[in-house]
Amino acid sequence: MRTKWLALGAAACVPAAWLAGLPGGVAAPEPRPEAPRELIFAPVRIDGPVHDPARHTYWFGPFAECASVLDIDGDGRLDIAAGRNYYLAPKWTRYSDYRDGAETNGPDVDDNYEGAMDVNNDGRVDVLSSGWMRRQGIWWYENPGKPGVKWNSHALHPAEGLEGMVIGNLSGRSDKDVLVNYFARKPGRGLIWFEHIDQAPWFKEHVLGPENVGVVHGAGIGDINGDGRNDVVTPAGWFEAPAEPAAQSWTWRPDYQFTPFGSDRPGGAGLPMLVTDANGDGMNDIIIGSDHGYGLAWYEQTSEGGKRRFRKHWIETDFPTFHTMALADLDGDGKPELITGKQLLAHNGGDAGGYEPVFVFYYKIDRGRFERHIVSYSYLTPYFGPEARNEAPPNYIVGVGMRLQVEDLNGDGRKDIVIACRTGLYVFFNQGYTPRARGANWLPPRESYPSHKPW
């Protein structure tokens, strides 16, 4: 399906009978449909790599590709953590090496997912992070409540072949449960989740499924069957939550299989996969982006003859590497938008389409239709390969990295987009819709140009 839909204007055909019924046979003018409006996002670069090839740093990294949003110092303002650094609002004062993990490893930073929660219930929000190279597994880092003090690290789940997590409510009693996302199958390995509990060690492990069932990159949390309990979705099917999720077995439902566009082999998904009612029929659907291939799709949940089915619809087929995404109400209409984009130079540029344009999009969702809007779009080919023009490092070439966040950072009531990627840490501040009326002209007056002559 095409992702950009068009509204028919007033010049569309009008029935002749309707015209004939009007006095004098003259058609009354139809009200003009409201013209499309675009949200304005003002990008601010908080931090980024120094372009110094002699020291093996470049405008495209290494730099952390994940960010967490939390109030670090308890002043009521949201701050940002990204890799081993955090930044205090409102001036985004940087504090370096505040925690372990997230080490630089060649062109990468060992930080493939981040999230935030108050783990130990002390009133201070902590950071969870996973690595897949030097510190493999998931750790949580304890907020000391004082800027400039190093955060203690606590192992939650050291493990190889792990890339990220999804934080949500699986137990039915806390939104601080953690679903582990393995990308590598191993003998005896099954999906697991950690129930957040109210005493140390703060998490209790539960096995979700049999050996290697659902073990593939990508997972999500949401209520699929409408019973009020959150289920777990994977690219190969979903786990149905029992009445007592922490005590009873979950049921595996292989009702669908995600395959990237143009491929005949099953593939991995971005993290998280999203569960939402995309077409307004009262049943939740699933949004899946290819993690390292092409395509962004939604799986429509249907009921045919009393049997649950999922029908695949493509949202995008021309773009690759939708490694992460989020749902948030950007325009304040009470309905969520889908925010996603391309991971910039995933696998150090080795992915399919790695040097195609990099972008951040959001989509308005209306009854199963996804309308694409551009937040950022940049070309990469001028800077790489045999045709490179050796131009100066560009500014504001932005991809979504491995985890983006959507929060109101400046307290204006509008959700902003926080992105960490290889080119740096950015906030796209949501300025609302473009103005309709003519306003002030901030360009220099015509008369200020030396060549100007009255005309």
# chains A, B, ... in the order shown; residues from 1 in each chain; ligands from 1
$ select_by_dssp --residues "stretch 358-414 of chain A" --states "strand (DSSP E)" --output "number ranges by chain"
A: 358-366, 369-378, 405-407
$ closest_atom_pairs --of "stretch 333-440 of chain A" --to "stretch 60-75 of chain A" --cutoff "10 Å" --atoms "only C-alpha atoms" --output "Markdown table"
| residue | atom | partner | partner_atom | distance |
| --- | --- | --- | --- | --- |
| A:Gln343 | CA | A:Glu65 | CA | 8.9 |
| A:Leu344 | CA | A:Phe60 | CA | 8.5 |
| A:Leu345 | CA | A:Phe60 | CA | 8.3 |
| A:Asn348 | CA | A:Gly61 | CA | 9.5 |
| A:Pro393 | CA | A:Phe60 | CA | 8.9 |
| A:Pro394 | CA | A:Phe60 | CA | 9.6 |
| A:Ile397 | CA | A:Phe60 | CA | 8.8 |
| A:Val398 | CA | A:Phe60 | CA | 9.5 |
| A:Gly399 | CA | A:Glu65 | CA | 9.2 |
| A:Val400 | CA | A:Glu65 | CA | 7.8 |
| A:Gly401 | CA | A:Glu65 | CA | 4.6 |
| A:Met402 | CA | A:Glu65 | CA | 5.5 |
| A:Arg403 | CA | A:Cys66 | CA | 4.7 |
| A:Leu404 | CA | A:Ala67 | CA | 6.5 |
| A:Gln405 | CA | A:Ser68 | CA | 7.0 |
| A:Val406 | CA | A:Val69 | CA | 8.6 |
| A:Glu407 | CA | A:Val69 | CA | 7.6 |
| A:Asp408 | CA | A:Val69 | CA | 9.9 |
| A:Leu409 | CA | A:Val69 | CA | 8.7 |
| A:Val418 | CA | A:Ala67 | CA | 7.4 |
| A:Ile419 | CA | A:Ala67 | CA | 6.9 |
| A:Ala420 | CA | A:Glu65 | CA | 4.7 |
| A:Cys421 | CA | A:Glu65 | CA | 4.2 |
| A:Arg422 | CA | A:Gly61 | CA | 4.7 |
| A:Thr423 | CA | A:Phe60 | CA | 4.5 |
| A:Gly424 | CA | A:Phe63 | CA | 6.3 |
| A:Leu425 | CA | A:Ala67 | CA | 8.1 |
| A:Tyr426 | CA | A:Ala67 | CA | 9.8 |
$ residues_around --residues "A:Trp298" --least-positions-apart "3" --cutoff "9 Å" --atoms "only C-alpha atoms" --output "list in words"
Ala278, Asp285, Ile286, Ile287, Ile288, Gly289, Arg311, Lys312, His313, Trp314, Ile315 and Gly368 of chain A
$ write_last_selection --atoms "N, CA and C atoms" --output "PDB file, in the first residue's frame"
ATOM      1  N   ALA A 278      -4.763  -0.205  15.029  1.00  0.00           N
ATOM      2  CA  ALA A 278      -4.423   0.685  13.918  1.00  0.00           C
ATOM      3  C   ALA A 278      -5.623   1.048  13.053  1.00  0.00           C
ATOM      4  N   ASP A 285      -3.674  -4.502  16.804  1.00  0.00           N
ATOM      5  CA  ASP A 285      -2.853  -4.972  15.700  1.00  0.00           C
ATOM      6  C   ASP A 285      -1.375  -4.870  16.100  1.00  0.00           C
ATOM      7  N   ILE A 286      -0.490  -5.289  15.210  1.00  0.00           N
ATOM      8  CA  ILE A 286       0.945  -5.319  15.512  1.00  0.00           C
ATOM      9  C   ILE A 286       1.693  -4.550  14.433  1.00  0.00           C
ATOM     10  N   ILE A 287       2.610  -3.681  14.855  1.00  0.00           N
ATOM     11  CA  ILE A 287       3.468  -2.949  13.922  1.00  0.00           C
ATOM     12  C   ILE A 287       4.874  -3.511  14.033  1.00  0.00           C
ATOM     13  N   ILE A 288       5.445  -3.887  12.894  1.00  0.00           N
ATOM     14  CA  ILE A 288       6.761  -4.526  12.847  1.00  0.00           C
ATOM     15  C   ILE A 288       7.622  -3.825  11.808  1.00  0.00           C
ATOM     16  N   GLY A 289       8.832  -3.449  12.196  1.00  0.00           N
ATOM     17  CA  GLY A 289       9.811  -2.935  11.254  1.00  0.00           C
ATOM     18  C   GLY A 289      10.955  -3.918  11.114  1.00  0.00           C
ATOM     19  N   ARG A 311      -3.465 -10.322   9.105  1.00  0.00           N
ATOM     20  CA  ARG A 311      -3.276  -9.997   7.692  1.00  0.00           C
ATOM     21  C   ARG A 311      -2.197  -8.921   7.575  1.00  0.00           C
ATOM     22  N   LYS A 312      -1.175  -9.197   6.782  1.00  0.00           N
ATOM     23  CA  LYS A 312      -0.023  -8.303   6.667  1.00  0.00           C
ATOM     24  C   LYS A 312      -0.287  -7.192   5.658  1.00  0.00           C
ATOM     25  N   HIS A 313       0.017  -5.961   6.056  1.00  0.00           N
ATOM     26  CA  HIS A 313      -0.066  -4.800   5.174  1.00  0.00           C
ATOM     27  C   HIS A 313       1.278  -4.060   5.246  1.00  0.00           C
ATOM     28  N   TRP A 314       1.837  -3.733   4.111  1.00  0.00           N
ATOM     29  CA  TRP A 314       3.074  -2.975   4.093  1.00  0.00           C
ATOM     30  C   TRP A 314       2.789  -1.485   4.280  1.00  0.00           C
ATOM     31  N   ILE A 315       3.531  -0.858   5.163  1.00  0.00           N
ATOM     32  CA  ILE A 315       3.514   0.595   5.319  1.00  0.00           C
ATOM     33  C   ILE A 315       4.607   1.201   4.447  1.00  0.00           C
ATOM     34  N   GLY A 368      -6.395   2.350   9.637  1.00  0.00           N
ATOM     35  CA  GLY A 368      -5.534   1.444   8.895  1.00  0.00           C
ATOM     36  C   GLY A 368      -4.678   2.087   7.834  1.00  0.00           C
TER      37      GLY A 368
END
$ closest_atom_pairs --of "stretch 65-99 of chain A" --to "stretch 45-50 of chain A" --cutoff "10 Å" --atoms "only C-alpha atoms" --output "Markdown table"
| residue | atom | partner | partner_atom | distance |
| --- | --- | --- | --- | --- |
| A:Ile80 | CA | A:Ile46 | CA | 9.6 |
| A:Ala82 | CA | A:Asp47 | CA | 9.8 |
| A:Asn85 | CA | A:Asp47 | CA | 9.8 |
| A:Tyr87 | CA | A:Ile46 | CA | 8.3 |
| A:Lys91 | CA | A:Ile46 | CA | 9.2 |
| A:Trp92 | CA | A:Ile46 | CA | 6.8 |
| A:Thr93 | CA | A:Ile46 | CA | 9.2 |
| A:Arg94 | CA | A:Asp47 | CA | 8.6 |
$ closest_atom_pairs --of "stretch 301-414 of chain A" --to "stretch 260-268 of chain A" --cutoff "10 Å" --atoms "only C-alpha atoms" --output "JSON lines"
{"residue": "A:Trp314", "atom": "CA", "partner": "A:Phe261", "partner_atom": "CA", "distance": 8.4}
{"residue": "A:Glu316", "atom": "CA", "partner": "A:Phe261", "partner_atom": "CA", "distance": 8.9}
{"residue": "A:Thr317", "atom": "CA", "partner": "A:Phe261", "partner_atom": "CA", "distance": 6.1}
{"residue": "A:Asp318", "atom": "CA", "partner": "A:Phe261", "partner_atom": "CA", "distance": 8.7}
{"residue": "A:Phe319", "atom": "CA", "partner": "A:Phe261", "partner_atom": "CA", "distance": 9.5}
{"residue": "A:Pro320", "atom": "CA", "partner": "A:Phe261", "partner_atom": "CA", "distance": 9.1}
{"residue": "A:His323", "atom": "CA", "partner": "A:Gly268", "partner_atom": "CA", "distance": 9.6}
$ closest_atom_pairs --of "stretch 207-227 of chain A" --to "stretch 176-182 of chain A" --cutoff "12 Å" --atoms "only C-alpha atoms" --output "JSON lines"
{"residue": "A:Val207", "atom": "CA", "partner": "A:Leu179", "partner_atom": "CA", "distance": 10.3}
{"residue": "A:Leu208", "atom": "CA", "partner": "A:Leu179", "partner_atom": "CA", "distance": 9.2}
{"residue": "A:Gly209", "atom": "CA", "partner": "A:Val180", "partner_atom": "CA", "distance": 12.0}
{"residue": "A:Asn212", "atom": "CA", "partner": "A:Tyr182", "partner_atom": "CA", "distance": 9.4}
{"residue": "A:Val213", "atom": "CA", "partner": "A:Tyr182", "partner_atom": "CA", "distance": 10.9}
{"residue": "A:Gly214", "atom": "CA", "partner": "A:Tyr182", "partner_atom": "CA", "distance": 9.1}
{"residue": "A:Val215", "atom": "CA", "partner": "A:Tyr182", "partner_atom": "CA", "distance": 5.9}
{"residue": "A:Val216", "atom": "CA", "partner": "A:Tyr182", "partner_atom": "CA", "distance": 6.2}
{"residue": "A:His217", "atom": "CA", "partner": "A:Tyr182", "partner_atom": "CA", "distance": 6.2}
{"residue": "A:Gly218", "atom": "CA", "partner": "A:Asn181", "partner_atom": "CA", "distance": 6.6}
{"residue": "A:Ala219", "atom": "CA", "partner": "A:Asn181", "partner_atom": "CA", "distance": 6.6}
{"residue": "A:Gly220", "atom": "CA", "partner": "A:Leu179", "partner_atom": "CA", "distance": 8.3}
{"residue": "A:Ile221", "atom": "CA", "partner": "A:Leu179", "partner_atom": "CA", "distance": 8.3}
{"residue": "A:Gly222", "atom": "CA", "partner": "A:Leu179", "partner_atom": "CA", "distance": 11.9}
$ write_last_selection --atoms "N, CA and C atoms" --output "PDB file, in the first residue's frame"
ATOM      1  N   VAL A 207      10.453 -17.978  33.139  1.00  0.00           N
ATOM      2  CA  VAL A 207      10.625 -18.510  31.792  1.00  0.00           C
ATOM      3  C   VAL A 207       9.325 -18.314  31.028  1.00  0.00           C
ATOM      4  N   LEU A 208       9.444 -17.762  29.831  1.00  0.00           N
ATOM      5  CA  LEU A 208       8.259 -17.446  29.045  1.00  0.00           C
ATOM      6  C   LEU A 208       7.869 -18.599  28.126  1.00  0.00           C
ATOM      7  N   GLY A 209       8.850 -19.220  27.485  1.00  0.00           N
ATOM      8  CA  GLY A 209       8.500 -20.244  26.507  1.00  0.00           C
ATOM      9  C   GLY A 209       9.516 -21.360  26.430  1.00  0.00           C
ATOM     10  N   ASN A 212      14.136 -21.975  22.606  1.00  0.00           N
ATOM     11  CA  ASN A 212      14.320 -21.221  21.367  1.00  0.00           C
ATOM     12  C   ASN A 212      13.011 -20.818  20.670  1.00  0.00           C
ATOM     13  N   VAL A 213      11.870 -21.035  21.288  1.00  0.00           N
ATOM     14  CA  VAL A 213      10.606 -20.585  20.692  1.00  0.00           C
ATOM     15  C   VAL A 213      10.509 -19.068  20.842  1.00  0.00           C
ATOM     16  N   GLY A 214      10.371 -18.375  19.716  1.00  0.00           N
ATOM     17  CA  GLY A 214      10.295 -16.923  19.748  1.00  0.00           C
ATOM     18  C   GLY A 214      11.620 -16.227  19.953  1.00  0.00           C
ATOM     19  N   VAL A 215      12.720 -16.980  19.965  1.00  0.00           N
ATOM     20  CA  VAL A 215      14.038 -16.376  20.151  1.00  0.00           C
ATOM     21  C   VAL A 215      14.510 -15.826  18.810  1.00  0.00           C
ATOM     22  N   VAL A 216      14.351 -14.532  18.620  1.00  0.00           N
ATOM     23  CA  VAL A 216      14.755 -13.839  17.402  1.00  0.00           C
ATOM     24  C   VAL A 216      14.751 -12.348  17.728  1.00  0.00           C
ATOM     25  N   HIS A 217      15.504 -11.568  17.014  1.00  0.00           N
ATOM     26  CA  HIS A 217      15.576 -10.142  17.315  1.00  0.00           C
ATOM     27  C   HIS A 217      14.217  -9.490  17.145  1.00  0.00           C
ATOM     28  N   GLY A 218      13.761  -8.814  18.189  1.00  0.00           N
ATOM     29  CA  GLY A 218      12.503  -8.089  18.139  1.00  0.00           C
ATOM     30  C   GLY A 218      11.464  -8.679  19.069  1.00  0.00           C
ATOM     31  N   ALA A 219      10.778  -7.826  19.820  1.00  0.00           N
ATOM     32  CA  ALA A 219       9.727  -8.269  20.730  1.00  0.00           C
ATOM     33  C   ALA A 219       8.916  -7.045  21.141  1.00  0.00           C
ATOM     34  N   GLY A 220       7.750  -7.296  21.695  1.00  0.00           N
ATOM     35  CA  GLY A 220       6.909  -6.207  22.163  1.00  0.00           C
ATOM     36  C   GLY A 220       5.917  -6.703  23.197  1.00  0.00           C
ATOM     37  N   ILE A 221       5.249  -5.756  23.844  1.00  0.00           N
ATOM     38  CA  ILE A 221       4.293  -6.057  24.909  1.00  0.00           C
ATOM     39  C   ILE A 221       2.975  -5.367  24.590  1.00  0.00           C
ATOM     40  N   GLY A 222       1.862  -6.113  24.690  1.00  0.00           N
ATOM     41  CA  GLY A 222       0.549  -5.521  24.469  1.00  0.00           C
ATOM     42  C   GLY A 222      -0.535  -6.582  24.550  1.00  0.00           C
TER      43      GLY A 222
END
$ residues_around --residues "stretch 381-387 of chain A" --least-positions-apart "3" --cutoff "8 Å" --atoms "only C-alpha atoms" --output "JSON, numbers by chain"
{"A": [355, 356, 357, 390, 391]}
$ write_last_selection --atoms "C-alpha atoms" --output "PDB file, in the first residue's frame"
ATOM      1  CA  TYR A 355      24.280   4.251   2.293  1.00  0.00           C
ATOM      2  CA  GLU A 356      20.818   5.079   1.084  1.00  0.00           C
ATOM      3  CA  PRO A 357      19.247   8.218   2.584  1.00  0.00           C
ATOM      4  CA  ASN A 390      35.523  15.064   0.407  1.00  0.00           C
ATOM      5  CA  GLU A 391      33.178  17.718   1.674  1.00  0.00           C
TER       6      GLU A 391
END
$ residues_around --residues "A:Val427" --least-positions-apart "4" --cutoff "6 Å" --atoms "only C-alpha atoms" --output "list of chain:residue names"
A:Pro43, A:Val44, A:Ile417, A:Val418
$ closest_atom_pairs --of "stretch 273-353 of chain A" --to "stretch 430-445 of chain A" --cutoff "12 Å" --atoms "only C-alpha atoms" --output "CSV"
residue,atom,partner,partner_atom,distance
A:Asp329,CA,A:Asn430,CA,11.2
A:Leu330,CA,A:Asn430,CA,7.7
A:Asp331,CA,A:Gly432,CA,6.8
A:Gly332,CA,A:Gly432,CA,9.0
A:Asp333,CA,A:Gly432,CA,11.7
$ closest_atom_pairs --of "stretch 130-163 of chain A" --to "stretch 110-118 of chain A" --cutoff "12 Å" --atoms "only C-alpha atoms" --output "CSV"
residue,atom,partner,partner_atom,distance
A:Ser130,CA,A:Tyr113,CA,5.5
A:Gly131,CA,A:Asp111,CA,4.9
A:Trp132,CA,A:Asp110,CA,6.4
A:Met133,CA,A:Asp110,CA,5.9
A:Arg134,CA,A:Asp110,CA,6.6
A:Arg135,CA,A:Asp110,CA,7.2
A:Gln136,CA,A:Asp110,CA,8.5
A:Gly137,CA,A:Asn112,CA,10.1
A:Ile138,CA,A:Tyr113,CA,9.1
A:Trp139,CA,A:Glu114,CA,9.8
A:Trp140,CA,A:Ala116,CA,8.9
A:Tyr141,CA,A:Ala116,CA,9.5
A:Glu142,CA,A:Asp118,CA,8.7
A:Asn143,CA,A:Asp118,CA,8.7
A:Pro144,CA,A:Asp118,CA,11.6
A:Gly145,CA,A:Asp118,CA,11.8
A:Gly161,CA,A:Asn112,CA,11.8
A:Leu162,CA,A:Asn112,CA,9.3
A:Glu163,CA,A:Asn112,CA,6.2
$ residues_around --residues "A:Tyr98" --least-positions-apart "2" --cutoff "7 Å" --atoms "only C-alpha atoms" --output "number ranges by chain"
A: 84-85, 95-96, 149-151
$ atom_distance --atom1 "atom CA of A:Pro272" --atom2 "atom CA of A:His196"
19.3 Å
$ residues_around --residues "A:Phe203" --least-positions-apart "2" --cutoff "12 Å" --atoms "only C-alpha atoms" --output "VMD selection string"
chain A and resid 119 to 120 139 to 140 154 to 157 171 174 176 to 179 193 to 201 205 to 206 246
